[in-house]
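The data block below is entry-v6.cif; it holds mmCIF, C-alpha atoms and all ligand atoms.
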data_data
loop_
_atom_site.label_atom_id
_atom_site.label_comp_id
_atom_site.auth_asym_id
_atom_site.auth_seq_id
_atom_site.Cartn_x
_atom_site.Cartn_y
_atom_site.Cartn_z
CA MET A 1303 159.48 132.83 86.49
CA PRO A 1304 156.55 132.16 84.15
CA VAL A 1305 157.69 131.40 80.63
CA THR A 1306 155.03 133.33 78.77
CA PRO A 1307 152.28 135.60 80.03
CA THR A 1308 149.78 133.24 78.37
CA LEU A 1309 150.88 130.17 80.26
CA ASP A 1310 151.19 132.25 83.43
CA ALA A 1311 147.58 133.38 83.28
CA ASP A 1312 146.51 129.84 82.56
CA VAL A 1313 144.39 131.21 79.73
CA LEU A 1314 145.58 128.64 77.26
CA ARG A 1315 145.17 125.77 79.71
CA ARG A 1316 141.56 126.69 80.42
CA GLN A 1317 140.66 127.18 76.77
CA ASP A 1318 142.79 124.59 75.04
CA PRO A 1319 144.40 122.07 77.39
CA GLU A 1320 145.54 119.98 74.43
CA VAL A 1321 147.81 122.72 73.07
CA ALA A 1322 148.81 123.82 76.59
CA ASP A 1323 149.97 120.29 77.33
CA LEU A 1324 152.07 120.26 74.18
CA LEU A 1325 153.71 123.60 75.04
CA LEU A 1326 154.47 122.54 78.58
CA GLY A 1327 155.71 119.20 77.28
CA GLU A 1328 158.20 121.06 75.09
CA LEU A 1329 159.28 123.20 78.05
CA ASP A 1330 159.87 120.00 80.00
CA ARG A 1331 161.84 118.48 77.11
CA GLN A 1332 164.01 121.60 76.84
CA SER A 1333 164.56 121.65 80.60
CA SER A 1334 165.39 117.99 81.12
CA THR A 1335 167.69 117.38 78.14
CA LEU A 1336 170.81 119.18 76.91
CA GLN A 1337 170.25 121.52 73.97
CA LEU A 1338 173.48 121.14 72.05
CA ILE A 1339 172.10 122.09 68.62
CA ALA A 1340 174.49 124.83 67.46
CA ALA A 1341 171.66 126.97 66.05
CA GLU A 1342 169.53 127.01 69.22
CA ASN A 1343 169.44 129.06 72.38
CA PHE A 1344 167.09 130.10 75.19
CA THR A 1345 165.63 133.57 74.72
CA SER A 1346 165.03 135.67 77.80
CA PRO A 1347 161.55 135.94 79.36
CA ALA A 1348 161.52 139.55 78.10
CA VAL A 1349 161.99 138.37 74.50
CA LEU A 1350 159.23 135.78 74.99
CA ALA A 1351 156.97 138.46 76.45
CA ALA A 1352 157.45 140.65 73.36
CA LEU A 1353 156.66 137.65 71.13
CA GLY A 1354 153.46 136.97 73.03
CA SER A 1355 152.35 140.61 72.96
CA PRO A 1356 149.47 142.40 71.18
CA LEU A 1357 151.93 143.48 68.50
CA ALA A 1358 151.20 140.06 67.00
CA ASN A 1359 147.81 141.50 65.98
CA LYS A 1360 149.14 144.41 63.94
CA TYR A 1361 149.49 144.53 60.17
CA ALA A 1362 152.38 146.72 59.07
CA GLU A 1363 153.35 146.46 55.41
CA GLY A 1364 156.03 148.94 54.46
CA TYR A 1365 158.46 150.85 56.65
CA PRO A 1366 158.11 153.35 59.53
CA GLY A 1367 156.44 156.50 58.25
CA ALA A 1368 155.44 154.81 54.97
CA ARG A 1369 153.00 152.02 55.77
CA HIS A 1370 150.12 150.63 53.79
CA HIS A 1371 147.97 150.42 56.94
CA GLY A 1372 146.65 152.84 59.52
CA GLY A 1373 147.34 152.62 63.22
CA CYS A 1374 151.07 152.05 62.86
CA GLU A 1375 152.28 154.82 65.22
CA ILE A 1376 153.38 152.42 67.93
CA VAL A 1377 154.86 149.73 65.69
CA ASP A 1378 156.71 152.43 63.74
CA ALA A 1379 158.39 153.46 66.99
CA VAL A 1380 159.17 149.82 67.74
CA GLU A 1381 160.76 149.22 64.34
CA ARG A 1382 162.77 152.47 64.50
CA LEU A 1383 164.07 151.41 67.91
CA ALA A 1384 165.04 147.94 66.63
CA VAL A 1385 166.80 149.43 63.60
CA GLU A 1386 168.71 152.01 65.69
CA ARG A 1387 169.76 149.35 68.21
CA ALA A 1388 170.94 147.01 65.44
CA LYS A 1389 172.90 149.79 63.72
CA THR A 1390 174.60 150.79 66.97
CA LEU A 1391 175.28 147.21 68.06
CA PHE A 1392 176.96 146.25 64.79
CA GLY A 1393 178.31 149.62 63.67
CA ALA A 1394 176.28 149.41 60.44
CA GLN A 1395 174.98 152.35 58.42
CA HIS A 1396 171.73 150.56 57.68
CA ALA A 1397 169.73 147.69 59.18
CA ASN A 1398 166.61 145.94 57.97
CA VAL A 1399 165.01 143.98 60.81
CA GLN A 1400 162.03 142.62 58.90
CA PRO A 1401 163.29 139.35 57.34
CA HIS A 1402 161.21 136.51 58.73
CA SER A 1403 164.22 134.18 58.91
CA GLY A 1404 167.85 133.75 57.92
CA SER A 1405 166.77 132.27 54.59
CA SER A 1406 164.49 135.24 53.91
CA ALA A 1407 167.41 137.57 54.62
CA VAL A 1408 169.62 135.74 52.10
CA LEU A 1409 166.82 135.70 49.52
CA ALA A 1410 166.43 139.47 49.90
CA ALA A 1411 170.20 140.03 49.70
CA TYR A 1412 170.32 138.17 46.38
CA ALA A 1413 167.23 140.03 45.17
CA ALA A 1414 168.92 143.33 45.99
CA LEU A 1415 172.17 142.54 44.19
CA LEU A 1416 171.58 139.90 41.51
CA ARG A 1417 169.50 138.97 38.50
CA PRO A 1418 168.33 135.41 37.79
CA GLY A 1419 171.06 133.47 36.04
CA ASP A 1420 173.93 135.41 37.66
CA THR A 1421 176.95 133.46 38.83
CA VAL A 1422 177.57 133.26 42.59
CA LEU A 1423 180.56 131.73 44.37
CA ALA A 1424 179.74 130.15 47.75
CA LEU A 1425 180.84 127.41 50.11
CA GLY A 1426 179.56 124.08 48.77
CA LEU A 1427 176.85 122.35 50.74
CA PRO A 1428 178.92 119.24 51.51
CA HIS A 1429 181.52 121.60 53.02
CA GLY A 1430 179.11 123.54 55.25
CA GLY A 1431 177.24 125.84 52.90
CA HIS A 1432 173.58 126.54 53.72
CA LEU A 1433 170.67 125.53 51.47
CA THR A 1434 170.47 129.17 50.34
CA HIS A 1435 174.04 128.91 49.04
CA GLY A 1436 173.09 127.02 45.90
CA SER A 1437 171.19 123.86 46.81
CA PRO A 1438 169.25 122.57 43.81
CA ALA A 1439 166.34 122.01 46.22
CA ASN A 1440 166.31 125.74 47.10
CA PHE A 1441 165.44 128.89 45.13
CA SER A 1442 169.13 129.77 45.15
CA GLY A 1443 170.23 126.74 43.15
CA ARG A 1444 167.32 127.08 40.77
CA TRP A 1445 167.60 130.79 40.01
CA PHE A 1446 171.34 131.39 40.12
CA ASP A 1447 174.40 129.69 38.74
CA PHE A 1448 176.31 128.67 41.86
CA VAL A 1449 179.96 127.66 41.82
CA ALA A 1450 181.19 125.94 45.00
CA TYR A 1451 184.44 126.40 46.85
CA GLY A 1452 185.35 124.04 49.66
CA VAL A 1453 187.36 123.52 52.79
CA ASP A 1454 190.65 121.67 52.92
CA ALA A 1455 190.08 118.00 53.81
CA GLU A 1456 193.02 117.96 56.23
CA THR A 1457 192.70 121.28 58.02
CA GLY A 1458 188.95 121.88 57.68
CA LEU A 1459 189.77 125.50 56.79
CA VAL A 1460 188.54 127.44 53.74
CA ASP A 1461 190.64 126.58 50.69
CA ARG A 1462 191.78 130.09 49.83
CA ASP A 1463 193.63 129.09 46.66
CA GLN A 1464 190.45 127.52 45.37
CA VAL A 1465 188.40 130.63 46.23
CA HIS A 1466 190.93 132.71 44.30
CA SER A 1467 191.12 130.49 41.25
CA LEU A 1468 187.35 129.92 41.01
CA ALA A 1469 186.70 133.65 41.36
CA ARG A 1470 189.16 134.42 38.55
CA ALA A 1471 187.79 131.66 36.33
CA HIS A 1472 184.05 132.38 36.81
CA ARG A 1473 184.01 136.12 37.61
CA PRO A 1474 180.93 135.78 39.86
CA LYS A 1475 178.55 138.66 40.45
CA ALA A 1476 178.63 137.86 44.17
CA ILE A 1477 180.77 135.87 46.58
CA VAL A 1478 179.08 134.44 49.67
CA CYS A 1479 181.06 133.70 52.82
CA GLY A 1480 179.33 132.00 55.71
CA SER A 1481 178.52 128.49 56.82
CA ILE A 1482 176.30 126.32 58.92
CA ALA A 1483 179.21 124.35 60.29
CA HIS A 1484 182.52 126.22 60.04
CA PRO A 1485 183.97 126.32 63.57
CA ARG A 1486 186.68 128.89 62.85
CA HIS A 1487 186.56 132.64 62.24
CA LEU A 1488 186.31 133.57 58.58
CA ASP A 1489 188.87 135.98 57.14
CA TYR A 1490 186.47 138.62 55.81
CA ALA A 1491 189.36 140.83 54.61
CA PHE A 1492 190.52 137.97 52.38
CA PHE A 1493 187.06 137.55 50.85
CA ARG A 1494 186.81 141.33 50.34
CA GLU A 1495 190.12 141.32 48.50
CA VAL A 1496 189.02 138.51 46.17
CA ALA A 1497 185.63 140.16 45.57
CA ASP A 1498 187.34 143.46 44.71
CA GLU A 1499 189.75 141.74 42.36
CA VAL A 1500 186.94 140.21 40.27
CA GLY A 1501 184.38 143.01 40.71
CA ALA A 1502 181.95 140.92 42.79
CA TYR A 1503 179.66 141.88 45.65
CA LEU A 1504 180.57 140.29 48.97
CA VAL A 1505 177.66 138.81 50.92
CA ALA A 1506 178.51 137.60 54.43
CA ASP A 1507 175.96 135.10 55.71
CA ALA A 1508 176.78 135.51 59.39
CA ALA A 1509 173.70 133.62 60.65
CA HIS A 1510 175.86 131.67 63.10
CA PRO A 1511 178.56 134.03 64.40
CA ILE A 1512 176.49 137.25 64.56
CA GLY A 1513 175.77 136.81 68.29
CA LEU A 1514 179.47 136.40 68.98
CA VAL A 1515 180.10 139.52 66.88
CA ALA A 1516 177.56 141.41 69.03
CA GLY A 1517 179.38 140.29 72.17
CA GLY A 1518 182.84 141.14 70.79
CA ALA A 1519 183.91 137.49 70.71
CA ALA A 1520 184.24 137.17 66.91
CA PRO A 1521 185.41 139.47 64.12
CA SER A 1522 182.72 141.52 62.41
CA PRO A 1523 181.94 141.15 58.70
CA VAL A 1524 180.27 144.59 58.67
CA PRO A 1525 183.35 146.61 57.60
CA TYR A 1526 184.07 144.19 54.75
CA ALA A 1527 180.85 142.85 53.24
CA ASP A 1528 178.49 144.79 50.98
CA VAL A 1529 175.60 143.00 52.66
CA VAL A 1530 175.56 141.02 55.92
CA CYS A 1531 172.73 138.53 56.42
CA ALA A 1532 172.05 137.12 59.87
CA THR A 1533 169.63 135.28 62.08
CA THR A 1534 168.57 136.67 65.44
CA HIS A 1535 167.89 133.36 67.20
CA LYS A 1536 171.25 131.64 67.52
CA VAL A 1537 173.99 132.91 69.86
CA LEU A 1538 172.33 136.34 69.63
CA ARG A 1539 169.54 134.88 71.79
CA GLY A 1540 166.67 136.76 70.17
CA PRO A 1541 163.46 135.56 68.53
CA ARG A 1542 163.41 133.32 65.47
CA GLY A 1543 164.07 135.74 62.63
CA GLY A 1544 166.49 137.39 60.25
CA MET A 1545 168.23 140.71 59.72
CA ILE A 1546 170.23 142.47 57.02
CA LEU A 1547 173.01 145.02 57.57
CA CYS A 1548 174.55 147.10 54.79
CA GLY A 1549 176.01 150.47 53.86
CA ALA A 1550 173.86 153.53 53.16
CA GLU A 1551 174.32 153.19 49.39
CA LEU A 1552 172.54 149.82 49.31
CA ALA A 1553 169.90 150.66 51.93
CA GLU A 1554 167.06 151.39 49.54
CA ARG A 1555 167.74 148.35 47.35
CA VAL A 1556 167.87 146.08 50.39
CA ASP A 1557 164.67 147.52 51.87
CA ARG A 1558 162.79 147.10 48.60
CA ALA A 1559 164.15 143.57 48.24
CA VAL A 1560 162.64 142.67 51.63
CA PHE A 1561 159.34 144.51 51.11
CA PRO A 1562 157.62 144.41 48.66
CA PHE A 1563 159.83 142.02 46.65
CA THR A 1564 160.10 138.98 48.91
CA GLN A 1565 157.84 139.63 51.90
CA GLY A 1566 154.53 141.17 52.87
CA GLY A 1567 153.71 142.56 56.30
CA ALA A 1568 156.44 142.58 58.91
CA GLN A 1569 155.88 140.49 62.05
CA MET A 1570 155.89 143.36 64.49
CA HIS A 1571 155.86 141.20 67.64
CA THR A 1572 159.06 139.60 66.35
CA VAL A 1573 160.54 142.99 65.46
CA ALA A 1574 159.81 144.10 69.06
CA ALA A 1575 161.48 140.94 70.36
CA LYS A 1576 164.50 141.66 68.14
CA ALA A 1577 164.70 145.15 69.70
CA VAL A 1578 164.70 143.56 73.17
CA ALA A 1579 167.41 141.10 72.14
CA PHE A 1580 169.59 143.86 70.64
CA GLY A 1581 169.21 145.78 73.90
CA GLU A 1582 170.33 142.74 75.87
CA ALA A 1583 173.21 142.06 73.47
CA ALA A 1584 174.57 145.59 73.99
CA THR A 1585 175.27 144.92 77.68
CA ALA A 1586 178.53 143.97 79.39
CA GLU A 1587 176.72 140.89 80.68
CA PHE A 1588 176.17 139.70 77.11
CA ALA A 1589 179.83 140.29 76.21
CA GLY A 1590 180.73 138.04 79.14
CA TYR A 1591 178.21 135.48 77.91
CA ALA A 1592 179.72 135.50 74.38
CA ARG A 1593 183.20 134.95 75.82
CA ARG A 1594 181.93 132.07 77.97
CA VAL A 1595 180.19 130.48 74.97
CA VAL A 1596 183.56 130.29 73.17
CA ALA A 1597 185.49 129.18 76.26
CA ASN A 1598 182.92 126.44 76.84
CA ALA A 1599 183.08 125.30 73.21
CA ARG A 1600 186.86 125.08 73.40
CA VAL A 1601 186.70 122.91 76.53
CA LEU A 1602 183.98 120.71 75.04
CA ALA A 1603 185.96 120.30 71.79
CA ALA A 1604 189.12 119.43 73.71
CA GLY A 1605 187.16 116.94 75.83
CA LEU A 1606 185.74 115.22 72.77
CA ALA A 1607 189.20 115.05 71.18
CA ALA A 1608 190.61 113.56 74.38
CA GLU A 1609 187.87 110.91 74.25
CA GLY A 1610 189.03 109.93 70.75
CA LEU A 1611 186.63 111.77 68.42
CA THR A 1612 188.19 113.61 65.49
CA VAL A 1613 187.43 117.30 65.94
CA VAL A 1614 187.36 119.09 62.57
CA SER A 1615 190.00 121.84 62.33
CA GLY A 1616 191.37 120.60 65.65
CA GLY A 1617 189.07 122.77 67.78
CA THR A 1618 186.95 125.89 67.52
CA ASP A 1619 187.05 129.69 67.66
CA THR A 1620 183.30 129.94 68.07
CA HIS A 1621 180.25 128.31 69.67
CA LEU A 1622 180.31 125.52 67.10
CA ILE A 1623 182.07 122.16 67.03
CA VAL A 1624 182.12 119.56 64.26
CA ALA A 1625 183.33 116.12 65.35
CA ASP A 1626 183.64 112.76 63.66
CA PRO A 1627 182.66 109.88 66.00
CA ALA A 1628 184.03 107.21 63.62
CA PRO A 1629 187.13 106.48 65.76
CA LEU A 1630 184.71 105.31 68.48
CA GLY A 1631 183.22 102.83 66.03
CA VAL A 1632 179.96 104.67 65.36
CA ASP A 1633 178.73 106.68 62.36
CA GLY A 1634 177.26 110.19 62.66
CA ARG A 1635 173.57 109.28 62.32
CA THR A 1636 173.78 106.41 64.82
CA ALA A 1637 175.74 108.67 67.16
CA ARG A 1638 173.13 111.43 66.96
CA ASP A 1639 170.31 108.99 67.68
CA ARG A 1640 172.15 107.32 70.56
CA LEU A 1641 172.96 110.70 72.10
CA ALA A 1642 169.36 111.90 71.67
CA ALA A 1643 168.13 108.80 73.49
CA ALA A 1644 170.43 109.77 76.35
CA GLY A 1645 169.07 113.34 76.35
CA MET A 1646 171.91 115.04 74.46
CA VAL A 1647 170.29 116.75 71.48
CA LEU A 1648 172.50 117.74 68.55
CA ASP A 1649 172.75 117.50 64.75
CA CYS A 1650 174.45 115.42 62.11
CA CYS A 1651 176.39 117.24 59.44
CA ALA A 1652 178.65 116.68 56.46
CA LEU A 1653 182.37 116.25 57.09
CA PRO A 1654 185.02 117.92 54.94
CA TYR A 1655 186.29 114.50 53.84
CA GLY A 1656 184.53 111.41 52.48
CA ASP A 1657 180.80 110.72 52.55
CA ALA A 1658 180.44 109.86 56.23
CA ARG A 1659 178.47 112.20 58.45
CA GLY A 1660 179.75 113.82 61.60
CA LEU A 1661 178.23 115.58 64.59
CA ARG A 1662 177.59 119.32 64.82
CA LEU A 1663 177.07 120.81 68.26
CA GLY A 1664 177.26 124.15 70.02
CA THR A 1665 177.42 125.73 73.43
CA ALA A 1666 175.06 128.73 73.11
CA ALA A 1667 172.10 127.22 74.99
CA VAL A 1668 173.96 125.40 77.76
CA THR A 1669 175.98 128.57 78.42
CA THR A 1670 172.77 130.61 78.72
CA GLN A 1671 171.70 128.07 81.35
CA GLY A 1672 174.81 128.97 83.33
CA MET A 1673 176.92 125.91 82.65
CA GLY A 1674 180.67 126.40 82.64
CA GLU A 1675 183.86 124.57 81.80
CA ALA A 1676 183.39 121.85 84.45
CA GLU A 1677 180.01 120.97 82.96
CA MET A 1678 181.50 120.93 79.43
CA ALA A 1679 184.09 118.37 80.55
CA ARG A 1680 181.28 116.31 82.05
CA ILE A 1681 179.23 116.49 78.84
CA ALA A 1682 182.22 115.34 76.76
CA ALA A 1683 182.69 112.36 79.07
CA LEU A 1684 178.97 111.53 79.00
CA MET A 1685 178.92 111.70 75.22
CA ALA A 1686 181.87 109.33 75.00
CA VAL A 1687 180.24 106.81 77.34
CA VAL A 1688 177.08 106.81 75.22
CA LEU A 1689 178.95 106.64 71.92
CA ARG A 1690 181.12 103.76 73.04
CA GLY A 1691 178.02 102.00 74.32
CA ALA A 1692 180.35 100.10 76.59
CA PRO A 1693 180.75 98.34 78.87
CA ALA A 1694 177.08 97.55 79.26
CA GLY A 1695 175.38 99.10 76.21
CA LYS A 1696 171.82 99.98 77.16
CA GLU A 1697 172.58 100.21 80.84
CA ALA A 1698 175.31 102.81 80.18
CA GLY A 1699 172.83 104.78 78.06
CA ALA A 1700 170.18 104.72 80.79
CA ARG A 1701 172.71 105.82 83.40
CA ALA A 1702 173.86 108.65 81.12
CA ARG A 1703 170.22 109.72 80.62
CA GLU A 1704 169.81 110.03 84.37
CA GLU A 1705 173.03 112.03 84.66
CA VAL A 1706 171.88 114.33 81.87
CA ARG A 1707 168.55 114.85 83.61
CA GLU A 1708 170.34 115.72 86.83
CA LEU A 1709 172.77 118.09 85.07
CA ALA A 1710 170.03 119.86 83.12
CA GLY A 1711 167.89 120.05 86.26
CA ALA A 1712 170.67 121.90 88.09
CA PHE A 1713 170.66 124.66 85.40
CA PRO A 1714 166.99 125.38 84.58
CA PRO A 1715 166.64 127.63 81.51
CA TYR A 1716 163.67 129.44 83.09
CA PRO A 1717 164.17 129.23 86.85
CA GLY A 1718 161.33 129.80 89.23
C1 LIG A 1801 174.59 130.17 57.37
C2 LIG A 1801 173.10 130.10 57.47
N1 LIG A 1801 172.37 130.79 56.59
C3 LIG A 1801 171.03 130.79 56.65
C4 LIG A 1801 170.36 130.07 57.62
C5 LIG A 1801 168.85 130.05 57.59
O1 LIG A 1801 168.21 130.49 58.70
P1 LIG A 1801 166.65 130.13 58.92
O2 LIG A 1801 166.59 128.71 59.35
O3 LIG A 1801 166.23 131.12 59.96
O4 LIG A 1801 165.96 130.35 57.61
C6 LIG A 1801 171.08 129.35 58.57
C7 LIG A 1801 170.38 128.57 59.62
O5 LIG A 1801 170.93 127.83 60.35
C8 LIG A 1801 172.49 129.36 58.49
O6 LIG A 1801 173.24 128.68 59.37
#

In structure tokens, write the structure found in this file.
Ligand SMILES: Cc1ncc(COP(=O)(O)O)c(C=O)c1O
Amino acid sequence: MPVTPTLDADVLRRQDPEVADLLLGELDRQSSTLQLIAAENFTSPAVLAALGSPLANKYAEGYPGARHHGGCEIVDAVERLAVERAKTLFGAQHANVQPHSGSSAVLAAYAALLRPGDTVLALGLPHGGHLTHGSPANFSGRWFDFVAYGVDAETGLVDRDQVHSLARAHRPKAIVCGSIAHPRHLDYAFFREVADEVGAYLVADAAHPIGLVAGGAAPSPVPYADVVCATTHKVLRGPRGGMILCGAELAERVDRAVFPFTQGGAQMHTVAAKAVAFGEAATAEFAGYARRVVANARVLAAGLAAEGLTVVSGGTDTHLIVADPAPLGVDGRTARDRLAAAGMVLDCCALPYGDARGLRLGTAAVTTQGMGEAEMARIAALMAVVLRGAPAGKEAGARAREEVRELAGAFPPYPG
């Protein structure tokens, strides 16, 4: 099946072979290596078709029925459809599908609820918080007064006592729950209770688990959080983008915080692609996919533990695994580079203890390709061979690269 209508028609190749070569080179890279980055996935050809559609040409500042531009009849219908599908999929009273990314969604959530200088309690960056959760390099750390809670060094789970005591001591205006690396389900009811006790808003940054929520494979933050921020491109398998869900009482504030406060015109081709992805995510097939993502992650985590890596929290409830390769005699950065050279692409991340870095990986993309538990066991074994670099160092790496190529080749992301 052609990947995009543009490449199919060969239009790009005829006009600009240099860019066409780069795009096809990336398709080849994605098809011949294993995409184990926890935040990545393969969108469907239908999502790609919406992204490459004439909606990319349309300016649409504002919201359906209240735009600053003419000619918005069709894109209004598209956005209404995306909003209705998101509301139904997640059981939310209100959805804003315009945020350009997960970070834009969080920025808008803060803009809707906070004033500069307000105190916010969030997971610290060394413990898995995102840049938008108070990094000094990000608007969040510069404009708000962030207080960080952490995860327990032993269990890797959220330190609830600390959340409680910091909330009581600092009386934040908002509490953020959500992480780039937490492999376990968050207890949203707990966070709601603490927020209520200290009179704080609860913001759930569900960028990672939202696709599992859509497929019924993870608990939903929607009944608990005042505002839920999310990305549409991770397990959810949509286009790169963000989304905000909230109750009816915050709808207007959230909408105004997205446009005109933090964004201009919505990217209507992306909004259309989000509508397609929400439609796909509402199917029984997607629920099966979400279950398989978690089952695969559990097998992969168990395989890595059996090979001697330390798996943070002892396993996973989600698509995401954090593992420390130190017991195999290799640090996180070296491990990531060695694995990349063998065609296994994943990230480094902070560990809940010490300064060493670990590995963060996920099963969303390989599961979309159709890989199952047998393949996860094989990937764990391949990773261990590469990380040990033994018995024959480079030779073992080259052999692993060939095996990875063969494995990836058997499960093409875009067959045909
Ligand atoms: C928890 C969390 N919040 C926000 C983001 C930001 O998303 P984006 O990269 O689309 O801005 C991410 C991305 O991985 C994330 O994991």

### Task
Rank A:Ala1682, A:Cys1651, A:Val1601, A:Val1465 by their smallest atom-to-atom distance to ligand LIG 1801 (chain A), using all atoms listed in the file, and report the top residue only.
A:Cys1651

Give me the box for ligand LIG 1801 (chain A) as AutoDock Vina command-line options, namely the centre and edge lengths in Å to one decimal of a box along x, y and z that holds every listed atom plus 4 Å on each side.
--center_x 170.3 --center_y 129.5 --center_z 58.5 --size_x 16.6 --size_y 11.3 --size_z 11.8

#### Entry: Within-7 Å residues of ligand LIG 1801 (chain A), basis all atoms listed in the file, as a PyMOL selection string
chain A and resi 1341+1403-1406+1408+1431-1432+1434+1480-1482+1507-1510+1533+1542-1544

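For the choices A:Asp1528, A:Asp1489, A:Glu1587, A:Glu1704, the atom-to-atom distance to Gly1501 in chain A is smallest for A:Asp1528 when using all atoms listed in the file.
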
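When CA of Val1422 in chain A is paired with CA of Leu1409 in chain A, their separation reads 13.0 Å.
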
### Message
Let me make sure I understand: among A:Gly1581, A:Pro1541, A:Pro1525, A:Gly1605, which one has the smallest atom-to-atom distance to Arg1680 in chain A if we use all atoms listed in the file?
### Response
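When distances to Arg1680 in chain A are compared using all atoms listed in the file, the smallest one comes from A:Gly1605.
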
### Message
So that I can see what lies close to Leu1663 in chain A, please list as a list of chain:residue names the residues with an atom at most 6 Å from it, counting all atoms listed in the file and leaving out residues fewer than 3 positions away in the same chain.
### Response
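Near neighbours after the sequence-gap exclusion: A:Leu1338, A:Ile1339, A:Ala1340, A:Leu1622, A:Ile1623, A:Leu1648.
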
Resulting file, chosen residues, C-alpha atoms, as an mmCIF file, in the coordinates of the input:
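What ended up in again11.cif:
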data_model
loop_
_atom_site.group_PDB
_atom_site.id
_atom_site.type_symbol
_atom_site.label_atom_id
_atom_site.label_comp_id
_atom_site.auth_asym_id
_atom_site.auth_seq_id
_atom_site.Cartn_x
_atom_site.Cartn_y
_atom_site.Cartn_z
ATOM 1 C CA LEU A 1338 173.480 121.140 72.050
ATOM 2 C CA ILE A 1339 172.100 122.090 68.620
ATOM 3 C CA ALA A 1340 174.490 124.830 67.460
ATOM 4 C CA LEU A 1622 180.310 125.520 67.100
ATOM 5 C CA ILE A 1623 182.070 122.160 67.030
ATOM 6 C CA LEU A 1648 172.500 117.740 68.550
#

## Note on the structure
Atom pair CA of Ser1334 in chain A + CA of Ala1666 in chain A, distance 16.5 Å

### Task
Kindly give the distance, in Å, that separates CA of Ala1527 in chain A and CA of Leu1504 in chain A, rounded to a single decimal.
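Rounded to one decimal, the two atoms are 5.0 Å apart.
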
### Task
Considering all atoms listed in the file, state which residue in the set A:Ala1589, A:Arg1594, A:Ala1348, A:Ala1397 is at the smallest distance from Gly1674 in chain A.
A:Arg1594

### Message
Please determine, counting all atoms listed in the file, which residue among A:Val1688, A:Val1560, A:Ala1407, A:Val1624 has the shortest atom-to-atom distance to Asp1639 in chain A.
### Response
A:Val1688

### Query
Pick from A:Ala1439, A:Leu1325, A:Ile1376, A:Leu1602: nearest to Thr1669 in chain A, with only C-alpha atoms counted?
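Counting only C-alpha atoms, the residue closest to Thr1669 in chain A is A:Leu1602.
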
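For Thr1585 in chain A, the list of residues within 12 Å, based on only C-alpha atoms and with local chain neighbours fewer than 3 positions off taken out, reads Arg1387, Leu1391, Ala1516, Gly1517, Gly1518, Val1578, Ala1579, Phe1580, Gly1581, Glu1582, Phe1588, Ala1589, Gly1590, Tyr1591 and Ala1592 of chain A.
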
Output file for the residues above (C-alpha atoms, as a PDB file, keeping the file's coordinate frame):
ATOM      1  CA  ARG A1387     169.760 149.350  68.210  1.00  0.00           C
ATOM      2  CA  LEU A1391     175.280 147.210  68.060  1.00  0.00           C
ATOM      3  CA  ALA A1516     177.560 141.410  69.030  1.00  0.00           C
ATOM      4  CA  GLY A1517     179.380 140.290  72.170  1.00  0.00           C
ATOM      5  CA  GLY A1518     182.840 141.140  70.790  1.00  0.00           C
ATOM      6  CA  VAL A1578     164.700 143.560  73.170  1.00  0.00           C
ATOM      7  CA  ALA A1579     167.410 141.100  72.140  1.00  0.00           C
ATOM      8  CA  PHE A1580     169.590 143.860  70.640  1.00  0.00           C
ATOM      9  CA  GLY A1581     169.210 145.780  73.900  1.00  0.00           C
ATOM     10  CA  GLU A1582     170.330 142.740  75.870  1.00  0.00           C
ATOM     11  CA  PHE A1588     176.170 139.700  77.110  1.00  0.00           C
ATOM     12  CA  ALA A1589     179.830 140.290  76.210  1.00  0.00           C
ATOM     13  CA  GLY A1590     180.730 138.040  79.140  1.00  0.00           C
ATOM     14  CA  TYR A1591     178.210 135.480  77.910  1.00  0.00           C
ATOM     15  CA  ALA A1592     179.720 135.500  74.380  1.00  0.00           C
TER      16      ALA A1592
END

### Message
I'd like the contact shell of Gln1671 in chain A - 10 Å cut-off, only C-alpha atoms, skipping same-chain residues fewer than 4 positions apart - returned as a PyMOL selection string.
### Response
chain A and resi 1333+1336-1337+1343-1344+1666-1667+1710+1712-1717

### Query
Quick one: residues within 10 Å of range 1359-1365 of chain A, all atoms listed in the file counted, chain neighbours fewer than 5 positions away excluded, as a PyMOL selection string?
chain A and resi 1370-1374+1376-1378+1381-1382+1398+1400+1557-1558+1560-1562+1565-1571
